[in-house]
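So this block is coords.cif, mmCIF, C-alpha atoms:
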```cif
data_model
loop_
_atom_site.label_atom_id
_atom_site.label_comp_id
_atom_site.auth_asym_id
_atom_site.auth_seq_id
_atom_site.Cartn_x
_atom_site.Cartn_y
_atom_site.Cartn_z
CA MET A 279 3.78 6.54 -63.15
CA TRP A 280 3.02 4.99 -59.73
CA LEU A 281 5.49 2.14 -60.22
CA GLU A 282 8.19 4.60 -61.29
CA LYS A 283 7.92 6.74 -58.16
CA ILE A 284 6.44 4.54 -55.42
CA LYS A 285 6.95 0.84 -54.77
CA LEU A 286 3.33 -0.30 -54.74
CA SER A 287 2.14 -3.76 -55.68
CA LYS A 288 0.79 -4.15 -59.20
CA GLN A 289 -2.64 -4.87 -57.75
CA LEU A 290 -2.65 -1.56 -55.84
CA VAL A 291 -1.37 0.36 -58.86
CA ARG A 292 -4.28 -1.03 -60.82
CA SER A 293 -6.71 -0.08 -58.04
CA VAL A 294 -5.56 3.54 -57.71
CA THR A 295 -5.50 3.99 -61.49
CA GLU A 296 -9.05 2.66 -61.83
CA ALA A 297 -10.08 5.00 -59.00
CA GLY A 298 -8.87 7.97 -61.07
CA TYR A 299 -5.57 8.66 -59.29
CA LEU A 300 -3.24 8.67 -62.28
CA VAL A 301 -0.16 10.10 -60.58
CA PRO A 302 0.96 10.16 -56.94
CA LYS A 303 0.58 13.38 -54.98
CA GLU A 304 3.33 15.07 -52.99
CA VAL A 305 2.14 13.60 -49.69
CA GLN A 306 2.38 10.07 -51.12
CA LEU A 307 5.81 10.67 -52.62
CA ARG A 308 7.16 11.94 -49.28
CA THR A 309 5.53 9.50 -46.86
CA MET A 310 4.85 6.13 -48.50
CA SER A 311 8.35 4.71 -48.09
CA ARG A 312 8.35 5.70 -44.40
CA ILE A 313 4.95 4.09 -43.81
CA ILE A 314 6.01 0.87 -45.52
CA GLY A 315 9.29 1.01 -43.59
CA GLY A 316 7.49 1.10 -40.23
CA GLN A 317 8.46 4.59 -39.02
CA ASP A 318 6.20 6.72 -36.80
CA ILE A 319 5.20 9.84 -38.72
CA ILE A 320 3.14 13.00 -38.32
CA VAL A 321 1.70 14.40 -41.56
CA THR A 322 0.14 17.84 -41.79
CA GLY A 323 -1.41 19.21 -44.94
CA PRO A 324 -4.51 20.96 -46.26
CA GLU A 325 -7.80 19.25 -46.91
CA GLY A 326 -7.74 17.44 -50.25
CA CYS A 327 -3.97 16.94 -50.41
CA GLY A 328 -4.34 13.12 -50.26
CA LYS A 329 -3.67 12.22 -46.61
CA THR A 330 -6.43 9.59 -46.34
CA THR A 331 -5.51 7.84 -49.57
CA THR A 332 -1.87 7.81 -48.42
CA TYR A 333 -2.39 5.89 -45.20
CA ILE A 334 -4.93 3.53 -46.80
CA LEU A 335 -2.36 2.60 -49.46
CA GLY A 336 0.19 2.12 -46.68
CA VAL A 337 -2.23 -0.13 -44.78
CA LEU A 338 -2.96 -2.27 -47.84
CA MET A 339 0.75 -2.60 -48.56
CA ARG A 340 1.59 -3.56 -44.97
CA LEU A 341 -1.11 -6.17 -44.36
CA LYS A 342 -0.57 -9.75 -45.34
CA GLN A 343 -3.09 -11.08 -47.82
CA MET A 344 -4.60 -13.68 -45.51
CA PRO A 345 -6.85 -12.58 -42.62
CA GLU A 346 -5.86 -13.31 -39.03
CA ASP A 347 -7.81 -13.89 -35.84
CA ALA A 348 -7.45 -10.31 -34.50
CA PRO A 349 -7.48 -6.78 -35.98
CA ARG A 350 -4.16 -5.50 -37.29
CA VAL A 351 -5.06 -1.86 -38.02
CA LEU A 352 -6.95 0.65 -35.87
CA ILE A 353 -7.93 3.94 -37.54
CA LEU A 354 -9.44 6.66 -35.33
CA VAL A 355 -11.41 9.53 -36.87
CA PRO A 356 -13.60 12.21 -35.23
CA ASP A 357 -17.17 11.29 -36.21
CA LYS A 358 -19.55 8.87 -37.92
CA GLU A 359 -19.45 10.72 -41.26
CA ARG A 360 -15.68 10.50 -41.37
CA VAL A 361 -15.78 6.79 -40.48
CA GLU A 362 -18.09 6.16 -43.42
CA ALA A 363 -15.85 8.17 -45.78
CA VAL A 364 -12.71 6.26 -44.76
CA VAL A 365 -14.44 2.88 -45.09
CA ALA A 366 -15.69 3.88 -48.55
CA GLN A 367 -12.16 4.82 -49.60
CA ILE A 368 -10.80 1.52 -48.29
CA ASN A 369 -13.42 -0.39 -50.25
CA LEU A 370 -12.56 1.61 -53.37
CA LEU A 371 -8.87 0.71 -53.21
CA ASN A 372 -9.08 -2.74 -51.61
CA LYS A 373 -9.50 -5.29 -54.36
CA ASN A 374 -8.43 -8.02 -51.96
CA LEU A 375 -11.86 -8.90 -50.58
CA SER A 376 -10.36 -11.25 -47.99
CA LEU A 377 -9.32 -8.23 -45.90
CA ARG A 378 -12.24 -7.39 -43.61
CA THR A 379 -13.11 -3.86 -42.46
CA VAL A 380 -15.38 -3.11 -39.48
CA SER A 381 -16.65 0.33 -38.47
CA LEU A 382 -17.43 1.30 -34.86
CA VAL A 383 -19.51 4.43 -34.36
CA PRO A 384 -21.74 5.81 -31.57
CA GLY A 385 -25.46 5.44 -32.11
CA ALA A 386 -25.23 2.17 -34.01
CA ALA A 387 -26.54 -1.05 -32.47
CA LEU A 388 -23.86 -2.30 -30.10
CA GLU A 389 -24.82 -5.95 -30.57
CA ASN A 390 -24.33 -5.72 -34.33
CA GLN A 391 -20.89 -4.17 -33.90
CA LEU A 392 -19.88 -6.86 -31.40
CA ASN A 393 -21.06 -9.53 -33.84
CA ASP A 394 -19.05 -7.95 -36.65
CA LEU A 395 -15.94 -8.03 -34.46
CA ALA A 396 -16.61 -11.64 -33.48
CA ASP A 397 -16.88 -12.61 -37.17
CA GLY A 398 -13.37 -11.24 -37.70
CA ALA A 399 -11.81 -7.93 -38.73
CA ASP A 400 -8.45 -6.90 -40.15
CA ILE A 401 -9.07 -3.13 -40.21
CA ILE A 402 -11.07 -1.21 -37.59
CA VAL A 403 -12.28 2.31 -38.44
CA ALA A 404 -13.80 3.96 -35.39
CA THR A 405 -14.42 7.07 -33.38
CA PRO A 406 -12.15 7.18 -30.30
CA ASP A 407 -15.01 7.12 -27.78
CA ARG A 408 -16.74 4.12 -29.36
CA ALA A 409 -13.52 2.14 -29.76
CA ARG A 410 -12.62 2.76 -26.12
CA PHE A 411 -16.11 1.80 -24.95
CA ILE A 412 -16.00 -1.52 -26.79
CA TYR A 413 -12.41 -2.10 -25.67
CA LEU A 414 -13.48 -1.75 -22.04
CA LYS A 415 -16.22 -4.30 -22.75
CA LEU A 416 -13.33 -6.66 -23.60
CA ALA A 417 -14.68 -7.05 -27.14
CA LEU A 418 -11.89 -5.25 -29.01
CA ASP A 419 -8.62 -7.16 -29.15
CA LEU A 420 -5.63 -4.84 -29.60
CA ASN A 421 -2.91 -7.43 -29.12
CA LYS A 422 -2.02 -7.79 -32.82
CA ILE A 423 -2.37 -4.18 -33.94
CA GLN A 424 0.42 -3.29 -36.37
CA LEU A 425 -0.75 0.20 -37.37
CA PHE A 426 -2.42 2.76 -35.08
CA ILE A 427 -3.66 5.71 -37.15
CA VAL A 428 -5.18 9.00 -35.97
CA ASP A 429 -6.77 11.03 -38.77
CA ASP A 430 -8.16 14.59 -38.53
CA ALA A 431 -6.34 14.97 -35.23
CA GLU A 432 -7.31 18.65 -34.93
CA LEU A 433 -11.02 17.74 -34.98
CA ILE A 434 -10.51 14.96 -32.44
CA VAL A 435 -8.89 17.49 -30.10
CA LYS A 436 -11.65 20.03 -30.77
CA GLN A 437 -14.21 17.44 -29.67
CA GLY A 438 -12.28 16.69 -26.48
CA LEU A 439 -11.52 13.05 -27.35
CA GLN A 440 -7.86 13.07 -26.34
CA LEU A 441 -8.37 10.70 -23.39
CA PRO A 442 -9.72 7.71 -25.36
CA VAL A 443 -7.04 8.21 -28.03
CA ASN A 444 -4.31 8.08 -25.39
CA GLU A 445 -5.76 5.08 -23.57
CA LEU A 446 -6.16 3.09 -26.76
CA ALA A 447 -2.65 3.97 -27.93
CA ASN A 448 -1.12 3.03 -24.59
CA SER A 449 -3.03 -0.26 -24.54
CA ILE A 450 -1.18 -1.45 -27.64
CA ILE A 451 2.11 -3.11 -26.76
CA LYS A 452 4.03 -2.38 -29.95
CA CYS A 453 2.99 -0.93 -33.30
CA GLN A 454 3.63 1.80 -35.84
CA ARG A 455 1.78 5.06 -35.15
CA LEU A 456 0.66 7.55 -37.81
CA VAL A 457 -0.99 10.91 -37.13
CA PHE A 458 -2.62 13.05 -39.82
CA ALA A 459 -3.93 16.60 -39.39
CA GLU A 460 -4.40 19.82 -41.28
CA LEU A 461 -1.99 21.58 -38.91
CA MET A 462 -0.11 21.08 -35.67
CA HIS A 463 -0.64 23.00 -32.47
CA ALA A 464 0.10 22.58 -28.77
CA ARG A 465 -3.04 20.61 -27.89
CA ILE A 466 -2.42 18.05 -30.61
CA SER A 467 1.15 17.69 -29.41
CA GLN A 468 -0.06 17.11 -25.84
CA MET A 469 -2.32 14.32 -27.09
CA ILE A 470 0.18 12.44 -29.26
CA ASP A 471 3.53 13.03 -27.52
CA PRO A 472 2.98 10.27 -24.90
CA PHE A 473 2.70 7.50 -27.50
CA MET A 474 4.69 8.62 -30.56
CA ARG A 475 8.18 7.13 -30.89
CA ASN A 476 10.71 9.50 -32.52
CA PRO A 477 8.29 10.54 -35.27
CA VAL A 478 9.27 12.49 -38.35
CA HIS A 479 7.02 15.45 -39.18
CA ILE A 480 6.15 15.85 -42.86
CA GLU A 481 4.39 19.10 -43.78
CA ILE A 482 2.60 19.48 -47.10
CA GLU A 483 2.09 23.03 -48.33
CA GLU A 484 -0.51 23.71 -50.99
CA GLU A 485 0.44 26.46 -53.41
CA THR A 486 -2.48 28.77 -54.16
CA GLU A 487 -2.93 32.03 -56.02
CA ALA A 488 -4.55 35.08 -54.47
CA VAL A 489 -8.23 35.33 -55.36
CA ALA A 490 -8.15 39.14 -55.53
CA ALA A 491 -6.41 42.17 -54.09
CA VAL A 492 -6.85 41.93 -50.33
CA PHE A 493 -5.81 43.92 -47.28
CA GLY A 494 -2.83 42.75 -45.26
CA GLN A 495 -3.79 40.12 -42.69
CA GLN A 496 -2.46 40.05 -39.13
CA LEU A 497 -2.87 37.27 -36.59
CA TYR A 498 -2.62 37.12 -32.81
CA GLN A 499 -2.40 33.61 -31.36
CA VAL A 500 -3.87 33.56 -27.85
CA PRO A 501 -4.46 30.72 -25.36
CA ASN A 502 -8.14 31.31 -24.56
CA PHE A 503 -11.17 33.57 -24.95
CA ARG A 504 -10.58 35.59 -21.78
CA THR A 505 -7.13 36.54 -23.00
CA LYS A 506 -8.77 37.62 -26.26
CA LEU A 507 -10.91 40.07 -24.29
CA ASN A 508 -7.84 41.43 -22.48
CA LEU A 509 -5.98 41.89 -25.76
CA LEU A 510 -8.99 43.56 -27.37
CA ASN A 511 -9.21 46.14 -24.60
CA ASP A 512 -5.48 46.82 -24.93
CA LEU A 513 -5.73 47.38 -28.70
CA LEU A 514 -8.79 49.64 -28.38
CA THR A 515 -7.41 51.81 -25.58
CA ILE A 516 -5.54 54.31 -27.73
CA ASN A 517 -5.98 57.97 -28.49
CA ASP A 518 -7.71 58.87 -31.75
CA LEU A 519 -9.05 55.35 -32.23
CA PRO A 520 -10.23 54.94 -35.85
CA LYS A 521 -13.64 53.55 -36.74
CA THR A 522 -13.26 49.92 -35.64
CA VAL A 523 -15.57 46.95 -36.16
CA VAL A 524 -15.20 43.88 -33.93
CA PHE A 525 -16.70 40.67 -35.31
CA VAL A 526 -17.80 37.71 -33.18
CA ASN A 527 -19.86 34.65 -34.09
CA THR A 528 -23.08 35.09 -32.09
CA ARG A 529 -25.23 37.90 -30.69
CA LEU A 530 -24.79 36.62 -27.13
CA THR A 531 -21.01 36.72 -27.58
CA ALA A 532 -21.39 40.29 -28.86
CA GLU A 533 -23.13 41.20 -25.60
CA LYS A 534 -20.38 39.50 -23.61
CA VAL A 535 -17.67 41.40 -25.49
CA TYR A 536 -19.49 44.71 -25.04
CA ASN A 537 -19.88 44.16 -21.30
CA SER A 538 -16.19 43.20 -20.96
CA LEU A 539 -14.96 46.51 -22.39
CA THR A 540 -13.29 48.94 -20.05
CA SER A 541 -15.37 51.97 -19.10
CA ARG A 542 -13.35 54.14 -21.48
CA ASN A 543 -13.88 51.75 -24.42
CA LYS A 544 -17.50 51.05 -23.54
CA HIS A 545 -18.27 54.77 -23.63
CA VAL A 546 -17.52 54.87 -27.39
CA ALA A 547 -18.85 51.39 -28.27
CA ALA A 548 -22.15 49.98 -29.51
CA ILE A 549 -23.62 46.68 -30.74
CA LEU A 550 -25.31 46.14 -34.08
CA ASN A 551 -28.91 45.17 -33.18
CA PRO A 552 -28.22 44.21 -29.54
CA VAL A 553 -30.12 41.45 -27.76
CA PHE A 554 -30.69 43.44 -24.55
CA PHE A 555 -32.30 46.87 -24.37
CA GLU A 556 -29.78 48.16 -21.82
CA SER A 557 -26.90 47.69 -24.28
CA LYS A 558 -26.05 50.65 -26.48
CA GLY A 559 -26.92 49.75 -30.05
CA VAL A 560 -27.24 50.90 -33.64
CA SER A 561 -29.40 49.50 -36.42
CA SER A 562 -26.85 49.79 -39.27
CA VAL A 563 -23.17 50.25 -40.03
CA SER A 564 -23.92 53.61 -41.64
CA GLU A 565 -25.48 54.84 -38.40
CA PHE A 566 -22.23 53.89 -36.62
CA LEU A 567 -20.08 55.63 -39.23
CA ASP A 568 -22.18 58.81 -39.04
CA SER A 569 -21.92 58.97 -35.25
CA GLU A 570 -19.33 61.37 -33.83
CA GLU A 571 -19.43 59.63 -30.43
CA LEU A 572 -18.94 56.00 -31.48
CA ASN A 573 -15.62 54.48 -32.54
CA ILE A 574 -16.24 50.78 -31.78
CA LEU A 575 -18.99 48.58 -33.22
CA VAL A 576 -19.46 44.94 -32.17
CA ILE A 577 -21.18 42.79 -34.81
CA ALA A 578 -22.30 39.15 -34.68
CA ASN A 579 -21.46 37.15 -37.79
CA GLU A 580 -24.93 35.63 -37.77
CA LEU A 581 -26.33 39.09 -38.59
CA SER A 582 -23.72 40.16 -41.11
CA HIS A 583 -24.21 38.23 -44.34
CA SER A 584 -24.04 41.38 -46.46
CA LEU A 585 -22.57 44.49 -44.87
CA ASP A 586 -21.20 47.62 -46.47
CA LEU A 587 -17.92 48.22 -44.64
CA GLN A 588 -16.81 51.20 -46.74
CA GLY A 589 -15.46 53.79 -44.33
CA VAL A 590 -14.42 51.30 -41.64
CA ASP A 591 -10.72 51.79 -40.85
CA LYS A 592 -10.05 48.69 -38.76
CA LEU A 593 -11.49 45.17 -38.65
CA ILE A 594 -10.90 42.88 -35.70
CA HIS A 595 -12.20 39.31 -35.86
CA LEU A 596 -12.31 38.17 -32.26
CA GLU A 597 -13.40 34.77 -33.62
CA PRO A 598 -12.87 33.39 -37.14
CA PRO A 599 -16.24 33.05 -38.91
CA VAL A 600 -17.67 29.57 -39.37
CA GLU A 601 -17.65 30.04 -43.15
CA LYS A 602 -14.36 31.19 -44.65
CA GLU A 603 -16.25 32.97 -47.44
CA THR A 604 -17.69 35.34 -44.83
CA TYR A 605 -14.21 36.41 -43.81
CA ILE A 606 -12.91 36.70 -47.38
CA SER A 607 -15.76 39.00 -48.43
CA ARG A 608 -14.66 41.53 -45.80
CA VAL A 609 -10.98 41.72 -46.68
CA ILE A 610 -11.14 42.11 -50.47
CA LYS A 611 -10.24 45.60 -51.62
CA ALA A 612 -12.90 47.53 -53.53
CA SER A 613 -10.14 49.70 -55.03
CA ASP A 614 -6.36 49.66 -55.06
CA ASP A 615 -6.02 52.77 -52.91
CA GLU A 616 -8.39 51.55 -50.17
CA GLU A 617 -6.70 50.91 -46.83
CA ARG A 618 -7.98 48.93 -43.85
CA GLU A 619 -6.20 47.21 -40.98
CA CYS A 620 -7.36 43.61 -40.56
CA ILE A 621 -6.60 41.61 -37.40
CA VAL A 622 -7.84 38.21 -36.30
CA PHE A 623 -7.48 36.50 -32.90
CA SER A 624 -7.12 32.72 -32.82
CA THR A 625 -6.76 29.99 -30.21
CA ASP A 626 -5.09 26.67 -31.05
CA ILE A 627 -8.48 25.10 -31.78
CA GLU A 628 -9.33 27.87 -34.27
CA LEU A 629 -6.07 27.64 -36.21
CA ALA A 630 -7.62 25.10 -38.61
CA SER A 631 -10.10 27.79 -39.69
CA ILE A 632 -7.25 30.27 -40.16
CA LYS A 633 -5.41 27.72 -42.32
CA LYS A 634 -8.44 27.34 -44.60
CA ILE A 635 -8.71 31.13 -44.96
CA GLU A 636 -5.00 31.38 -45.82
CA GLN A 637 -5.37 28.71 -48.50
CA ALA A 638 -8.41 30.44 -49.99
CA LEU A 639 -6.72 33.87 -49.98
CA GLY A 640 -3.42 32.54 -51.24
CA LEU A 641 -1.40 34.37 -48.59
CA LYS A 642 -0.04 33.84 -45.11
CA PHE A 643 -1.17 35.86 -42.13
CA LEU A 644 1.49 37.93 -40.42
CA VAL A 645 1.78 36.51 -36.89
CA LEU A 646 2.18 39.30 -34.34
CA SER A 647 3.80 38.99 -30.94
CA LEU A 648 1.55 39.48 -27.94
CA PRO A 649 2.21 42.71 -25.99
CA ASP A 650 4.63 42.21 -23.11
CA ASP A 651 2.20 43.75 -20.61
CA LEU A 652 -0.81 41.68 -21.74
CA PHE A 653 -2.56 39.87 -18.90
CA VAL A 654 -2.81 36.23 -20.01
CA ASP A 655 -5.65 34.41 -18.27
CA VAL A 656 -5.01 30.85 -17.19
CA GLU A 657 -8.17 28.82 -17.46
CA SER A 658 -8.61 26.33 -14.66
CA LYS A 659 -8.66 22.72 -15.81
CA THR A 660 -11.11 20.42 -14.10
CA LYS A 661 -9.24 17.31 -13.11
CA THR A 662 -11.01 13.99 -12.99
CA LYS A 663 -10.93 12.74 -9.44
CA ILE A 664 -10.24 9.05 -9.01
CA LYS A 665 -11.79 7.65 -5.91
CA THR A 666 -9.45 5.46 -3.92
CA THR A 667 -10.14 3.41 -0.85
CA VAL A 668 -7.39 3.49 1.76
CA LYS A 669 -7.81 0.94 4.49
CA ARG A 670 -7.06 2.34 7.92
CA VAL A 671 -4.91 0.25 10.22
CA ASP A 672 -7.50 0.33 13.00
CA GLU A 673 -10.44 -0.47 10.68
CA PRO A 674 -12.26 -3.62 11.78
CA GLU A 675 -12.22 -6.55 9.40
CA ARG A 676 -15.30 -6.96 7.21
CA GLY A 677 -17.53 -9.99 7.41
CA GLU A 678 -17.22 -13.06 5.26
CA ALA A 679 -19.78 -11.70 2.76
CA PHE A 680 -17.23 -9.10 1.61
CA HIS A 681 -14.46 -10.03 -0.77
CA GLU A 682 -12.23 -8.13 -3.17
CA LYS A 683 -12.64 -8.70 -6.92
CA SER A 684 -10.13 -11.10 -8.33
CA GLU A 685 -7.68 -9.63 -10.82
CA LYS A 686 -9.09 -11.63 -13.71
CA ASN A 687 -12.52 -10.03 -13.19
CA SER A 688 -11.21 -6.49 -13.23
CA LYS A 689 -12.05 -4.62 -16.45
CA ASP A 690 -9.26 -2.07 -16.41
CA PHE A 691 -6.86 -3.97 -18.64
CA ASN A 692 -6.74 -5.91 -21.87
CA ILE A 693 -7.11 -9.58 -21.03
CA GLY A 694 -4.72 -11.67 -23.04
CA ALA A 695 -2.09 -8.99 -23.47
CA GLY A 696 1.45 -9.94 -22.68
CA LYS A 697 1.65 -6.79 -20.60
CA LYS A 698 -1.46 -5.47 -18.90
CA ALA A 699 -2.10 -1.88 -19.95
CA LYS A 700 -3.80 -0.08 -17.10
CA LEU A 701 -6.49 2.43 -18.07
CA ASN A 702 -6.37 5.34 -15.70
CA MET A 703 -8.94 8.15 -15.42
CA LYS A 704 -11.67 5.96 -16.90
CA ARG A 705 -14.54 7.93 -18.30
CA LYS A 706 -17.25 6.56 -20.55
CA HIS A 707 -17.43 7.89 -24.09
CA ASN A 708 -20.41 6.12 -25.63
#
```

Would you write out, as structure tokens, the structure that this file holds?
Amino acid sequence: MWLEKIKLSKQLVRSVTEAGYLVPKEVQLRTMSRIIGGQDIIVTGPEGCGKTTTYILGVLMRLKQMPEDAPRVLILVPDKERVEAVVAQINLLNKNLSLRTVSLVPGAALENQLNDLADGADIIVATPDRARFIYLKLALDLNKIQLFIVDDAELIVKQGLQLPVNELANSIIKCQRLVFAELMHARISQMIDPFMRNPVHIEIEEETEAVAAVFGQQLYQVPNFRTKLNLLNDLLTINDLPKTVVFVNTRLTAEKVYNSLTSRNKHVAAILNPVFFESKGVSSVSEFLDSEELNILVIANELSHSLDLQGVDKLIHLEPPVEKETYISRVIKASDDEERECIVFSTDIELASIKKIEQALGLKFLVLSLPDDLFVDVESKTKTKIKTTVKRVDEPERGEAFHEKSEKNSKDFNIGAGKKAKLNMKRKHN
């Protein structure tokens, strides 16, 4: 079946068959020829659709059988656990034991990793911060990299590792670049746009069936948490507001949301089991429903493992819960005639959680447009300041003991590269 649909070597076909992959998945059918052909690609698809196996097969097809004196593949993943999983998958499919794989992760003994690199490596699997750290130590040679792969890009962005990814990518003179993620959003695009070369975007959709009858789901995509608070106040400031529950992830966030409400909204709001005595609170959802004065209840997900929401007219998830099962339990209908409005707010970083909920529910959220009069907060971005020394014209000459570093001793470029790739905004990620 593999040979009929994908041009893999007989050795690889035997490896994937022995590993239990009897037929190629959609992601392999749509991307393998492009990977083997050398094209830059972006692949988005749900967890479990076969993205990792796809690029590993591409790597094994692209590499020559004999090892060389420098790494030819660099794979960046978000954390140590993911590094170990990718290395295990490579070992499962790589029957050519002459190809050497080295992992670089924070926390491991640096000397051992440097020794592994010195012994020779064809494939490097690393976290971006560790790879950059070792690169700046001049121990990671990127001059012969043929494939630069970023996996779980949404998690890399969530961890704030965009800078080392960009610096490593820009330090490679010429190679094929592959990016894999569960979904695309603006922050991922900002990270990869500087180094991708006319990529094709391949999106894999997983067909699922609805688990049960659920309420309609609506989604607001917002840039940041402060804009969430502004939008929440706008949605709550209406006449005859129905009984509304606002879910957040922690009790401290519940206090923050309560204190951010306008005076009108705060007058009819309470917190379920508040942290601070001065906050208006209730001890149960039924107490909130029985109250004639309260229309808004703020609940922390960490306190809400089993809640009876019968009688609640409107659910607003200011933050998606950590566990998708928590969200699903709240939006399943108890009866066909039950009605409840369900809204969730999401930033770009949280869209991966929304995607998992959609897959589990078997339906797409209806994306709503933000109100025209909504005040959108712009969060200030702290820029890294690079200290520069500007020599004044009238500055006296220094003594003979002072001398500038020679260019060959500077550690801001890859020694041996045909073109020196400057690393700006250096920041240690170790």

task: Please identify all polymer residues within 8 Å of A:Leu418, counting all atoms listed in the file, omitting same-chain residues fewer than 4 positions from it, and present them as a ChimeraX atom specification.
output: /A:395,409,412-414

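Across A:Gly316, A:Pro649, A:Pro552, A:Pro520, the tightest approach to A:Phe426 is made by A:Gly316 when counting all atoms listed in the file.
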
- request: Counting only C-alpha atoms, figure out which residue out of A:Pro356, A:Pro349, A:Pro501, A:Gly438 gets nearest to A:Ala396.
  value: A:Pro349

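Atom pair atom CA of A:Ala464 / atom CA of A:Ile632 has a distance of 15.6 Å (rounded to one decimal).
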
message: Once the PyMOL selection byres ((chain A and resi 530-544) around 12) has been evaluated on this model, what residues remain selected, and can you format them as a count of residues only?
response: 54

Residues matched by the PyMOL selection byres ((chain A and resi 450-457) around 7) as a VMD selection string: chain A and resid 316 to 321 420 to 421 423 to 429 431 446 to 449 458 to 459 474

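Here the PyMOL selection byres ((chain A and resi 397-404) around 6) catches exactly these residues: Pro349, Arg350, Val351, Leu352, Ile353, Leu354, Leu377, Arg378, Thr379, Val380, Ser381, Leu382, Val383, Asp394, Leu395, Ala396, Thr405 and Ala409 of chain A.
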
Store the residues picked out above in a file with C-alpha atoms, as a PDB file, in the frame of the given file.
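File part-v7.pdb, as written:
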```
ATOM      1  CA  PRO A 349      -7.480  -6.780 -35.980  1.00  0.00           C
ATOM      2  CA  ARG A 350      -4.160  -5.500 -37.290  1.00  0.00           C
ATOM      3  CA  VAL A 351      -5.060  -1.860 -38.020  1.00  0.00           C
ATOM      4  CA  LEU A 352      -6.950   0.650 -35.870  1.00  0.00           C
ATOM      5  CA  ILE A 353      -7.930   3.940 -37.540  1.00  0.00           C
ATOM      6  CA  LEU A 354      -9.440   6.660 -35.330  1.00  0.00           C
ATOM      7  CA  LEU A 377      -9.320  -8.230 -45.900  1.00  0.00           C
ATOM      8  CA  ARG A 378     -12.240  -7.390 -43.610  1.00  0.00           C
ATOM      9  CA  THR A 379     -13.110  -3.860 -42.460  1.00  0.00           C
ATOM     10  CA  VAL A 380     -15.380  -3.110 -39.480  1.00  0.00           C
ATOM     11  CA  SER A 381     -16.650   0.330 -38.470  1.00  0.00           C
ATOM     12  CA  LEU A 382     -17.430   1.300 -34.860  1.00  0.00           C
ATOM     13  CA  VAL A 383     -19.510   4.430 -34.360  1.00  0.00           C
ATOM     14  CA  ASP A 394     -19.050  -7.950 -36.650  1.00  0.00           C
ATOM     15  CA  LEU A 395     -15.940  -8.030 -34.460  1.00  0.00           C
ATOM     16  CA  ALA A 396     -16.610 -11.640 -33.480  1.00  0.00           C
ATOM     17  CA  THR A 405     -14.420   7.070 -33.380  1.00  0.00           C
ATOM     18  CA  ALA A 409     -13.520   2.140 -29.760  1.00  0.00           C
TER      19      ALA A 409
END
```
